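Asks: Structure below; questions to follow.
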Amino acid sequence: MEYRKLGSSDLKVSVIGFGAWGIGGAPFWSTEGDTMSVKSIKKAFDLGINFFDTAPVYGFGRSERLIGRALKPVRDQVILATKCGLRWQKETLSSISKVATRESIMEEIDQSLKRLDTDVIDLYQVHWPDGKTAHEETMEALLNIREQGKIRYIGVSNYSVQEMQDCLKTGPLVSLQPEYSLLQRAIEKETVPFCLIHDIGVIAYSPLASGVLTGKYDRDTKFKDWRSKGIIGQFTGEAYQRNIEKVERLKKIAEAAGKTCGQMAVNWVVRQPGVASALVGVKNDRQVEENLKSAGWQPDAPVQDEIDRIFAVEG
Ligand SMILES: NC(=O)c1ccc[n+]([C@@H]2O[C@H](COP(=O)([O-])OP(=O)(O)OC[C@H]3O[C@@H](n4cnc5c(N)ncnc54)[C@H](OP(=O)(O)O)[C@@H]3O)[C@@H](O)[C@H]2O)c1
């Protein structure tokens, strides 16, 4: 396993990270049960993954609790990343809202520490900007809890260049967690260059486009989880059909190279500039084993060119 320095921090994260959204289950995903989730986390650690990303909202605490429980015996050997900024009234999708106020962060940090069963969180990220709270207020609260020893480093997720610039006026950011995959390349133009200049490590989320790039779905697939809602347009309608066509071509290229389609997709992400780690979401230990083999190699130049042609950014 390759480990990369995360931005300006002294954290060295595995290039394949464990994405713990899926194991949180409802209301977003279905899982294979907590026993399998814990087995998957332990398998990931045993195989060299040291970077685990979760959030309070993933299963309304369930994901954080599972990560805390599974990694307790090896806490000093792993990097725990969680988030703040998404709150809920009831355990329903529609009651989730973005809140990045000082008051909320002060409450959230103690809840996360408790659920993760740890004294300190290595990387604490604001999940989404809330569009209302001044970035100065959010950053000051984060600096406060860092001074209190509750977190080690501050990161953000889903922030624009402008929003990161505003945050940097108050304090340092070591990472940005954006969506990044062969099917979602919006960060390449402005965000990645900004991160490179400011030594902000890119932690790519949904590198498999939430499963679509594994090649196991086809034109007729009807998703039964959050993907059925087409929240980001990747899983329904014409966009989905276009994506599947590209994935089918990637699948053939991967087969010819002796890799799986998912491995080829994640491999592409970890070879991109600025990327410190790709957070791959998993449901079971078999997926962990397969996904781990996505790093540590690179396709021949003609194969790389063909992948670039298929997934070229339009417009
Ligand atoms: N900051 C944010 O706003 C944000 C948003 C999204 C995600 N994330 C982070 O990024 C992580 C990964 O994102 P993600 O879960 O959306 O997507 P992903 O890694 O692109 O896809 C994960 C899904 O693909 C399928 N899969 C994974 N490995 C597989 C394998 N070897 N064979 C077959 N199927 C496989 C599984 O779903 P099925 O088996 O059901 O197909 C799994 O849940 C999350 O867990 C979270 O940590 C962050």
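Just so we're on the same page: first chain in the structure tokens is A, next is B, and so on; residues restart at 1 for each chain, and ligands are numbered from 1 in the order they show up.
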Which residues are near ligand 1 in this structure, taking near to mean any atom at most 6 Å from a ligand atom and counting only C-alpha atoms and all ligand atoms? Format them as an mmCIF file with C-alpha atoms, in the first residue's frame.
Replies:
```
data_model
loop_
_atom_site.group_PDB
_atom_site.id
_atom_site.type_symbol
_atom_site.label_atom_id
_atom_site.label_comp_id
_atom_site.auth_asym_id
_atom_site.auth_seq_id
_atom_site.Cartn_x
_atom_site.Cartn_y
_atom_site.Cartn_z
ATOM 1 C CA GLY A 19 -15.356 5.247 2.801
ATOM 2 C CA ALA A 20 -17.803 4.481 5.600
ATOM 3 C CA TRP A 21 -20.970 6.052 4.188
ATOM 4 C CA GLY A 22 -22.384 2.760 2.867
ATOM 5 C CA ASP A 53 -13.631 8.473 6.559
ATOM 6 C CA THR A 54 -17.021 8.695 8.195
ATOM 7 C CA HIS A 127 -19.263 18.358 5.325
ATOM 8 C CA SER A 157 -15.720 19.015 1.846
ATOM 9 C CA GLN A 177 -12.950 16.324 0.045
ATOM 10 C CA TYR A 205 -14.989 10.822 -2.783
ATOM 11 C CA SER A 206 -17.206 8.463 -4.811
ATOM 12 C CA PRO A 207 -14.338 7.355 -7.095
ATOM 13 C CA LEU A 208 -16.608 4.572 -8.386
ATOM 14 C CA ALA A 209 -19.448 7.054 -9.014
ATOM 15 C CA SER A 210 -21.247 5.291 -6.158
ATOM 16 C CA GLY A 211 -20.900 1.881 -7.802
ATOM 17 C CA THR A 214 -17.700 -1.053 -11.141
ATOM 18 C CA LEU A 279 -12.234 7.046 -0.529
ATOM 19 C CA VAL A 280 -13.785 3.879 -1.834
ATOM 20 C CA GLY A 281 -17.124 2.908 -0.323
ATOM 21 C CA VAL A 282 -17.561 -0.755 0.516
ATOM 22 C CA LYS A 283 -20.290 -3.082 1.709
ATOM 23 C CA GLN A 287 -15.109 -5.526 -2.095
ATOM 24 C CA GLU A 290 -10.804 -6.124 -4.800
ATOM 25 C CA ASN A 291 -10.597 -2.356 -4.354
#
```
Asks: Do a neighbour search on Ser181 (chain A) at 12 Å with only C-alpha atoms, toss out local chain neighbours closer than 5 positions, and write the hits as a PDB file with C-alpha atoms, in the first residue's frame.
Replies:
```pdb
ATOM      1  CA  ALA A 186     -15.600  19.278 -12.301  1.00  0.00           C
ATOM      2  CA  ILE A 187     -12.734  19.968  -9.869  1.00  0.00           C
ATOM      3  CA  GLU A 188      -9.997  19.732 -12.474  1.00  0.00           C
ATOM      4  CA  ILE A 203      -9.436  13.382  -0.815  1.00  0.00           C
ATOM      5  CA  ALA A 204     -11.538  12.089  -3.701  1.00  0.00           C
ATOM      6  CA  TYR A 205     -14.989  10.822  -2.783  1.00  0.00           C
ATOM      7  CA  SER A 206     -17.206   8.463  -4.811  1.00  0.00           C
ATOM      8  CA  PRO A 207     -14.338   7.355  -7.095  1.00  0.00           C
ATOM      9  CA  LEU A 208     -16.608   4.572  -8.386  1.00  0.00           C
ATOM     10  CA  ALA A 209     -19.448   7.054  -9.014  1.00  0.00           C
ATOM     11  CA  SER A 210     -21.247   5.291  -6.158  1.00  0.00           C
ATOM     12  CA  GLY A 211     -20.900   1.881  -7.802  1.00  0.00           C
ATOM     13  CA  VAL A 212     -21.638   2.739 -11.452  1.00  0.00           C
ATOM     14  CA  LEU A 213     -17.957   2.512 -12.446  1.00  0.00           C
ATOM     15  CA  THR A 214     -17.700  -1.053 -11.141  1.00  0.00           C
ATOM     16  CA  GLN A 234     -25.823  10.080 -12.648  1.00  0.00           C
ATOM     17  CA  ASN A 243     -22.527   6.988 -18.457  1.00  0.00           C
ATOM     18  CA  VAL A 247     -18.526   2.260 -18.493  1.00  0.00           C
ATOM     19  CA  GLY A 262     -13.701  -0.660 -10.765  1.00  0.00           C
ATOM     20  CA  MET A 264      -9.290   0.716 -13.555  1.00  0.00           C
ATOM     21  CA  ALA A 265     -11.597   3.576 -12.441  1.00  0.00           C
ATOM     22  CA  VAL A 266     -10.074   3.988  -8.967  1.00  0.00           C
ATOM     23  CA  ASN A 267      -6.564   3.629 -10.406  1.00  0.00           C
ATOM     24  CA  TRP A 268      -7.281   6.596 -12.673  1.00  0.00           C
ATOM     25  CA  VAL A 269      -8.334   8.732  -9.685  1.00  0.00           C
ATOM     26  CA  VAL A 270      -5.238   8.011  -7.614  1.00  0.00           C
ATOM     27  CA  ARG A 271      -3.002   8.916 -10.567  1.00  0.00           C
ATOM     28  CA  GLN A 272      -4.452  12.438 -10.881  1.00  0.00           C
ATOM     29  CA  VAL A 275      -5.023  13.436  -5.021  1.00  0.00           C
ATOM     30  CA  ALA A 278      -9.471   7.941  -2.952  1.00  0.00           C
ATOM     31  CA  LEU A 279     -12.234   7.046  -0.529  1.00  0.00           C
ATOM     32  CA  VAL A 280     -13.785   3.879  -1.834  1.00  0.00           C
ATOM     33  CA  PHE A 311     -14.152  10.062 -20.504  1.00  0.00           C
ATOM     34  CA  ALA A 312     -13.033  13.384 -22.012  1.00  0.00           C
ATOM     35  CA  VAL A 313     -14.731  16.385 -20.416  1.00  0.00           C
TER      36      VAL A 313
END
```
Asks: Based on DSSP run over this structure's backbone, return all residues of region 106-194 of chain A in alpha helix (DSSP H), as an MDAnalysis selection string.
Replies: chainID A and resid 106:116 135:147 161:168 191:194
Asks: Selection from above, C-alpha atoms, as a PDB file, in the first residue's frame, can you write it?
Replies:
```pdb
ATOM      1  CA  MET A 106     -19.295  22.690  19.649  1.00  0.00           C
ATOM      2  CA  GLU A 107     -22.115  20.172  20.131  1.00  0.00           C
ATOM      3  CA  GLU A 108     -21.183  17.933  17.240  1.00  0.00           C
ATOM      4  CA  ILE A 109     -17.544  17.415  18.162  1.00  0.00           C
ATOM      5  CA  ASP A 110     -18.339  15.889  21.548  1.00  0.00           C
ATOM      6  CA  GLN A 111     -20.950  13.583  20.030  1.00  0.00           C
ATOM      7  CA  SER A 112     -18.493  12.352  17.387  1.00  0.00           C
ATOM      8  CA  LEU A 113     -15.713  11.767  19.922  1.00  0.00           C
ATOM      9  CA  LYS A 114     -18.128   9.686  21.969  1.00  0.00           C
ATOM     10  CA  ARG A 115     -19.427   7.641  19.043  1.00  0.00           C
ATOM     11  CA  LEU A 116     -15.914   7.063  17.699  1.00  0.00           C
ATOM     12  CA  HIS A 135     -16.573  31.165   7.223  1.00  0.00           C
ATOM     13  CA  GLU A 136     -14.735  33.096   9.913  1.00  0.00           C
ATOM     14  CA  GLU A 137     -17.187  31.841  12.550  1.00  0.00           C
ATOM     15  CA  THR A 138     -16.913  28.223  11.355  1.00  0.00           C
ATOM     16  CA  MET A 139     -13.106  28.355  11.237  1.00  0.00           C
ATOM     17  CA  GLU A 140     -12.793  30.015  14.649  1.00  0.00           C
ATOM     18  CA  ALA A 141     -14.897  27.257  16.193  1.00  0.00           C
ATOM     19  CA  LEU A 142     -12.704  24.635  14.530  1.00  0.00           C
ATOM     20  CA  LEU A 143      -9.532  26.375  15.733  1.00  0.00           C
ATOM     21  CA  ASN A 144     -10.995  26.422  19.250  1.00  0.00           C
ATOM     22  CA  ILE A 145     -11.625  22.696  19.334  1.00  0.00           C
ATOM     23  CA  ARG A 146      -8.168  22.133  17.877  1.00  0.00           C
ATOM     24  CA  GLU A 147      -6.681  24.166  20.749  1.00  0.00           C
ATOM     25  CA  VAL A 161     -12.369  27.847  -4.394  1.00  0.00           C
ATOM     26  CA  GLN A 162     -13.951  31.075  -3.136  1.00  0.00           C
ATOM     27  CA  GLU A 163     -15.208  29.385   0.018  1.00  0.00           C
ATOM     28  CA  MET A 164     -11.781  27.882   0.718  1.00  0.00           C
ATOM     29  CA  GLN A 165     -10.173  31.273   0.123  1.00  0.00           C
ATOM     30  CA  ASP A 166     -12.506  32.766   2.735  1.00  0.00           C
ATOM     31  CA  CYS A 167     -11.653  30.022   5.243  1.00  0.00           C
ATOM     32  CA  LEU A 168      -7.924  30.520   4.754  1.00  0.00           C
ATOM     33  CA  THR A 191     -10.180  23.520  -7.657  1.00  0.00           C
ATOM     34  CA  VAL A 192      -7.223  21.166  -8.065  1.00  0.00           C
ATOM     35  CA  PRO A 193      -4.819  23.947  -9.166  1.00  0.00           C
ATOM     36  CA  PHE A 194      -5.912  25.990  -6.112  1.00  0.00           C
TER      37      PHE A 194
END
```
Asks: For region 138-214 of chain A against region 78-82 of chain A, with a cut-off of 10 Å and counting only C-alpha atoms, what is the closest atom pair and its distance in Å to one decimal for every residue that makes the cut, ordered by chain and number, as CSV?
Replies:
```
residue,atom,partner,partner_atom,distance
A:Ile151,CA,A:Ala81,CA,9.6
A:Tyr153,CA,A:Ala81,CA,9.4
A:Ile154,CA,A:Ala81,CA,9.8
A:Gly155,CA,A:Ala81,CA,9.3
```
Asks: Can you pull out the residues contacting Arg75 (chain A)? Cut-off 12 Å, using only C-alpha atoms, and skip same-chain residues under 2 positions away; I want them as a PyMOL selection string.
Replies: chain A and resi 42+45+50-52+67-73+77-80+116-122
Asks: Considering only C-alpha atoms, state which residue in the set A:Ala257, A:Ala276, A:Ile105, A:Val57 is at the smallest distance from Gly201 (chain A).
Replies: A:Ala276
Asks: Ranking A:Arg102, A:Arg227, A:Arg152, A:Arg87 by minimum distance to Asp10 (chain A) and counting only C-alpha atoms, which one comes first?
Replies: A:Arg152
